[in-house]
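Down below is the structure, laid out as structure tokens.
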Amino acid sequence: MTTTRGFTGRRQTKADEKRVPPGQYVTDDFPVLSAGPTPHTQVDKWTLSLQDSGSLVGKWTWEEFHALPRTELTVDIHCVTKWSKLGTVWEGVTIDDLLAAAGLDEPPAPYLMAHCDGGYTTNLPLEDLLDGKGLVVTRFDGEPLPPEHGGPARLLVPHLYFWKSAKWVRRLRFMAQDEPGFWESLGYHIYGDPWREQRYDGD
Amino acid sequence: MTGIEAAPQPAGAGTRRLAWRRAEVVERVAETRRATTLFLDIPGWPGHLAGQHVDVRLTAEDGYQAQRSYSIASPPEVPRVALTVERLEDGEVSPWLADEARPGDRFELRGPIGGYFAWSVTAGGPLLLVAGGSGVAPLMAMLRHRAACGEAGRAVPARLLLSSRSFADIIYREELERLGSAPGGPVIVHTLTRERPPPGWGGHARRIDERMLAEVGFPPAAAPKIFICGPTPMVEAAADAAVAVGHEPGRIKTERFGATGGG
């Protein structure tokens, strides 16, 4: 280990230590990271689709989506660019409730690709989305989700690095086999567990 | 939906783990009141593309570590890797890098990271670069790379629009002037946002907006490759302006850093 002369650092509080994965620091801000311009999709043009092997198995307009059972969740989030934000409050629909609304007793395939406005994609195992672990959220901190943070709707999978919580989500596509999404094709980790510090391919 | 098109991966990117390497500071150059460039010797450095970044890890005596990401400012053609770091007032890592680091000091680093916000002469142009403050660092790597490529570089029309707080806060000001006045050099346009420009100022004096981008940038029909880097509000505004001017969103690549005091 190379120690750095003259560096002392700013320690986490004891309470934060257990909640902050290795290599992360706590911020009170909400930084924005995106690969391109922010899409500004109007809610009357917004739909969310569920796709299996080329066929549509579910589709909701903004209104229909808001008629589904809603869940509020308070969680810590961790971005691969090193910031963590503790105690963030989100509201949306769990993937469990989406599948139920589509009449699916269980997911038709073990993996899923999220497709977003702007062309972004990210891949996830279904088991990381079920049992309340994954949501499509439309509200942050009691307010509609702003476009730069992924509004009108983004995925929320807080136990993985935040690039997995795809902004501007529009379509969830089931996959028989895992395939890399956007950042996963560009050197980032295929799974992205912050507690195992899986930032980049090979970590 | 617009397709997002990815830059080619640098050689060596693959399934091997990105190793932490030991970087030694060989030179420091004060760029502005807040920004410092560190030139690093990194044994085993695998090379990079202009626009990529590194993760820096500092370790205190008692083993406490802190990591942050910094863009590479040097072009692939130069063996010494340069990082330009702006000191954030309540930052944890940037004050050490910007104020404390001296030749001979060592820290850990891994990279290069990011194959998307990257450009090489072979990718062609025209190249439209838009930066705010120290967000110019990865774009400077692109301009330096372009200059290092001689005729092939000069064949790619390039423009840089750089937004700085004040005249004294312009990073790389003299080098940009040299690059811009060289035959076939890029067009460099400045705008100042906080302080009144000096007498005889040839640049703009307001935040980047649609009108400025329409004036400075290439027309949408020229299909420029657009790279925007800077603080989040500046990038949001410039990217929205580029879309409003008529540039295809899929050709606009952005890199944002939060003014978080975290760096």
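Labels used: A, B, ... for chains in the order of the structure tokens, numbers from 1 for residues in each chain, and numbers from 1 for ligands as shown.
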Do a neighbour search on range 40-49 of chain A at 12 Å with only C-alpha atoms, toss out local chain neighbours closer than 2 positions, and write the hits as a ChimeraX atom specification. /A:37-38,51-52,54-66,93,98-99,101-102,113-118,136-138,144-155,167-174 /B:1,236,240,243-244,249
Atoms kept (C-alpha atoms) for selection, written as a PDB file, in the first residue's frame:
```pdb
ATOM      1  CA  PRO A  37     -28.416  15.425 -23.239  1.00  0.00           C
ATOM      2  CA  THR A  38     -31.377  15.112 -20.883  1.00  0.00           C
ATOM      3  CA  GLN A  51     -41.534  -7.097 -23.640  1.00  0.00           C
ATOM      4  CA  ASP A  52     -40.878 -10.820 -23.894  1.00  0.00           C
ATOM      5  CA  GLY A  54     -40.478  -9.667 -29.313  1.00  0.00           C
ATOM      6  CA  SER A  55     -44.051  -9.517 -28.034  1.00  0.00           C
ATOM      7  CA  LEU A  56     -45.578  -6.955 -25.774  1.00  0.00           C
ATOM      8  CA  VAL A  57     -46.765  -8.500 -22.498  1.00  0.00           C
ATOM      9  CA  GLY A  58     -47.712  -5.254 -20.775  1.00  0.00           C
ATOM     10  CA  LYS A  59     -48.059  -1.572 -21.555  1.00  0.00           C
ATOM     11  CA  TRP A  60     -49.153   1.325 -19.388  1.00  0.00           C
ATOM     12  CA  THR A  61     -49.828   4.980 -20.057  1.00  0.00           C
ATOM     13  CA  TRP A  62     -48.859   7.523 -17.378  1.00  0.00           C
ATOM     14  CA  GLU A  63     -52.406   7.383 -16.005  1.00  0.00           C
ATOM     15  CA  GLU A  64     -52.607   3.600 -16.067  1.00  0.00           C
ATOM     16  CA  PHE A  65     -49.203   3.347 -14.420  1.00  0.00           C
ATOM     17  CA  HIS A  66     -50.389   5.591 -11.598  1.00  0.00           C
ATOM     18  CA  VAL A  93     -44.325   0.713  -8.555  1.00  0.00           C
ATOM     19  CA  LEU A  98     -45.773  -4.646 -12.616  1.00  0.00           C
ATOM     20  CA  LEU A  99     -45.475  -8.370 -13.350  1.00  0.00           C
ATOM     21  CA  ALA A 101     -50.467  -6.264 -13.421  1.00  0.00           C
ATOM     22  CA  ALA A 102     -49.270  -7.910 -16.644  1.00  0.00           C
ATOM     23  CA  MET A 113     -32.678  -5.178 -20.294  1.00  0.00           C
ATOM     24  CA  ALA A 114     -33.998  -1.717 -19.461  1.00  0.00           C
ATOM     25  CA  HIS A 115     -34.380   0.545 -22.533  1.00  0.00           C
ATOM     26  CA  CYS A 116     -34.604   4.291 -22.106  1.00  0.00           C
ATOM     27  CA  ASP A 117     -35.293   7.524 -23.949  1.00  0.00           C
ATOM     28  CA  GLY A 118     -32.004   8.694 -25.439  1.00  0.00           C
ATOM     29  CA  VAL A 136     -39.993   2.023 -11.494  1.00  0.00           C
ATOM     30  CA  VAL A 137     -40.159   5.347  -9.625  1.00  0.00           C
ATOM     31  CA  THR A 138     -41.771   8.643 -10.567  1.00  0.00           C
ATOM     32  CA  PRO A 144     -42.190  14.553  -9.296  1.00  0.00           C
ATOM     33  CA  LEU A 145     -38.810  13.240 -10.459  1.00  0.00           C
ATOM     34  CA  PRO A 146     -36.980  16.044 -12.365  1.00  0.00           C
ATOM     35  CA  PRO A 147     -35.803  15.215 -15.926  1.00  0.00           C
ATOM     36  CA  GLU A 148     -32.089  15.496 -15.063  1.00  0.00           C
ATOM     37  CA  HIS A 149     -32.565  12.815 -12.411  1.00  0.00           C
ATOM     38  CA  GLY A 150     -34.422  10.527 -14.787  1.00  0.00           C
ATOM     39  CA  GLY A 151     -37.984  11.893 -14.860  1.00  0.00           C
ATOM     40  CA  PRO A 152     -40.668  11.219 -15.700  1.00  0.00           C
ATOM     41  CA  ALA A 153     -39.699   7.678 -14.580  1.00  0.00           C
ATOM     42  CA  ARG A 154     -36.534   5.798 -13.764  1.00  0.00           C
ATOM     43  CA  LEU A 155     -35.621   2.370 -12.530  1.00  0.00           C
ATOM     44  CA  LYS A 167     -33.031   7.085 -16.055  1.00  0.00           C
ATOM     45  CA  TRP A 168     -35.894   7.781 -18.492  1.00  0.00           C
ATOM     46  CA  VAL A 169     -36.943   4.125 -18.591  1.00  0.00           C
ATOM     47  CA  ARG A 170     -39.551   3.207 -21.208  1.00  0.00           C
ATOM     48  CA  ARG A 171     -39.272  -0.514 -21.908  1.00  0.00           C
ATOM     49  CA  LEU A 172     -38.290  -3.581 -19.890  1.00  0.00           C
ATOM     50  CA  ARG A 173     -37.258  -6.492 -22.066  1.00  0.00           C
ATOM     51  CA  PHE A 174     -36.887 -10.035 -20.696  1.00  0.00           C
TER      52      PHE A 174
ATOM     53  CA  MET B   1     -35.170   6.820 -29.751  1.00  0.00           C
ATOM     54  CA  GLU B 236     -27.417  20.715 -18.839  1.00  0.00           C
ATOM     55  CA  ASP B 240     -30.193  21.517 -24.129  1.00  0.00           C
ATOM     56  CA  VAL B 243     -30.423  20.026 -29.078  1.00  0.00           C
ATOM     57  CA  ALA B 244     -32.411  23.248 -29.585  1.00  0.00           C
ATOM     58  CA  PRO B 249     -28.911  14.129 -29.392  1.00  0.00           C
TER      59      PRO B 249
END
```
Compile the contact shell of Pro197 in chain B as a list of chain:residue names: residues with an atom at most 10 Å away, counting only C-alpha atoms, same-chain residues fewer than 5 positions apart removed. B:Arg165, B:Ser166, B:Phe167, B:Ala168, B:Thr191, B:Leu192, B:Gly202, B:Gly203, B:His204, B:Ala205
Using only C-alpha atoms and a cut-off of 6 Å, which residues of chain A sit close to chain B? Please list them as a PDB file with C-alpha atoms, in the first residue's frame.
```pdb
ATOM      1  CA  THR A   3       0.655   5.971   1.729  1.00  0.00           C
ATOM      2  CA  THR A   4       0.352   9.531   0.532  1.00  0.00           C
ATOM      3  CA  PHE A   7      -2.963  13.321   3.195  1.00  0.00           C
ATOM      4  CA  THR A   8      -5.268  12.936   6.173  1.00  0.00           C
ATOM      5  CA  GLY A   9      -8.709  12.815   4.566  1.00  0.00           C
ATOM      6  CA  GLY A  23     -14.268   3.663  -1.943  1.00  0.00           C
ATOM      7  CA  PRO A  31     -24.999  14.894  -8.568  1.00  0.00           C
ATOM      8  CA  LEU A  33     -24.290  11.786 -14.383  1.00  0.00           C
ATOM      9  CA  ALA A  35     -23.855  10.182 -21.166  1.00  0.00           C
ATOM     10  CA  GLY A  36     -25.804  12.678 -23.250  1.00  0.00           C
ATOM     11  CA  PRO A  37     -28.416  15.425 -23.239  1.00  0.00           C
ATOM     12  CA  ASP A 117     -35.293   7.524 -23.949  1.00  0.00           C
ATOM     13  CA  GLY A 118     -32.004   8.694 -25.439  1.00  0.00           C
ATOM     14  CA  GLY A 119     -30.915   5.140 -26.241  1.00  0.00           C
ATOM     15  CA  LEU A 186     -17.825   0.140 -22.193  1.00  0.00           C
ATOM     16  CA  ASP A 201     -14.976  -5.190 -15.878  1.00  0.00           C
ATOM     17  CA  GLY A 202     -12.832  -7.699 -13.977  1.00  0.00           C
ATOM     18  CA  ASP A 203     -13.336  -6.130 -10.512  1.00  0.00           C
TER      19      ASP A 203
END
```
One residue among A:Asp128, A:Asp28, A:Asp105, A:Asp141 is nearest to Leu73 in chain A when using only C-alpha atoms, and that residue is A:Asp141
Might you pull out every residue within 6 Å of range 37-48 of chain B, with only C-alpha atoms counted and same-chain residues fewer than 2 positions away left off, and present them as an MDAnalysis selection string? chainID B and resid 23:29 76 80:84 112
Kindly save the residues from that selection, with C-alpha atoms included, as a PDB file, in the first residue's frame.
```pdb
ATOM      1  CA  ALA B  23       1.880   7.290  -9.793  1.00  0.00           C
ATOM      2  CA  GLU B  24       4.745   9.617  -8.938  1.00  0.00           C
ATOM      3  CA  VAL B  25       4.405  13.372  -9.289  1.00  0.00           C
ATOM      4  CA  VAL B  26       7.219  14.645 -11.511  1.00  0.00           C
ATOM      5  CA  GLU B  27       6.073  18.227 -12.014  1.00  0.00           C
ATOM      6  CA  ARG B  28       3.340  20.589 -10.902  1.00  0.00           C
ATOM      7  CA  VAL B  29       2.146  23.634 -12.838  1.00  0.00           C
ATOM      8  CA  PRO B  76      -2.044   9.689 -25.850  1.00  0.00           C
ATOM      9  CA  ARG B  80       3.677  11.608 -18.849  1.00  0.00           C
ATOM     10  CA  VAL B  81       0.022  11.554 -17.830  1.00  0.00           C
ATOM     11  CA  ALA B  82      -1.278  14.988 -16.829  1.00  0.00           C
ATOM     12  CA  LEU B  83      -4.224  15.632 -14.511  1.00  0.00           C
ATOM     13  CA  THR B  84      -5.615  19.147 -14.098  1.00  0.00           C
ATOM     14  CA  PRO B 112      -7.880   4.562 -18.243  1.00  0.00           C
TER      15      PRO B 112
END
```
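The two atoms in question, CA of Ser185 in chain A and CA of Ala118 in chain B, are spaced 14.5 Å apart.
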Could you pull out the helix (DSSP H, G or I) residues of range 10-252 of chain B, going by DSSP on the backbone, and write them as a PyMOL selection string? chain B and resi 94-100+121-123+133-148+150-154+167-169+173-181+210-216+220-222+232-245+249-251
Every residue of range 50-204 of chain B that DSSP places in strand (DSSP E or B), as a ChimeraX atom specification: /B:50,53-59,65-72,81-86,106-113,119,127-132,158-164,187-192,204
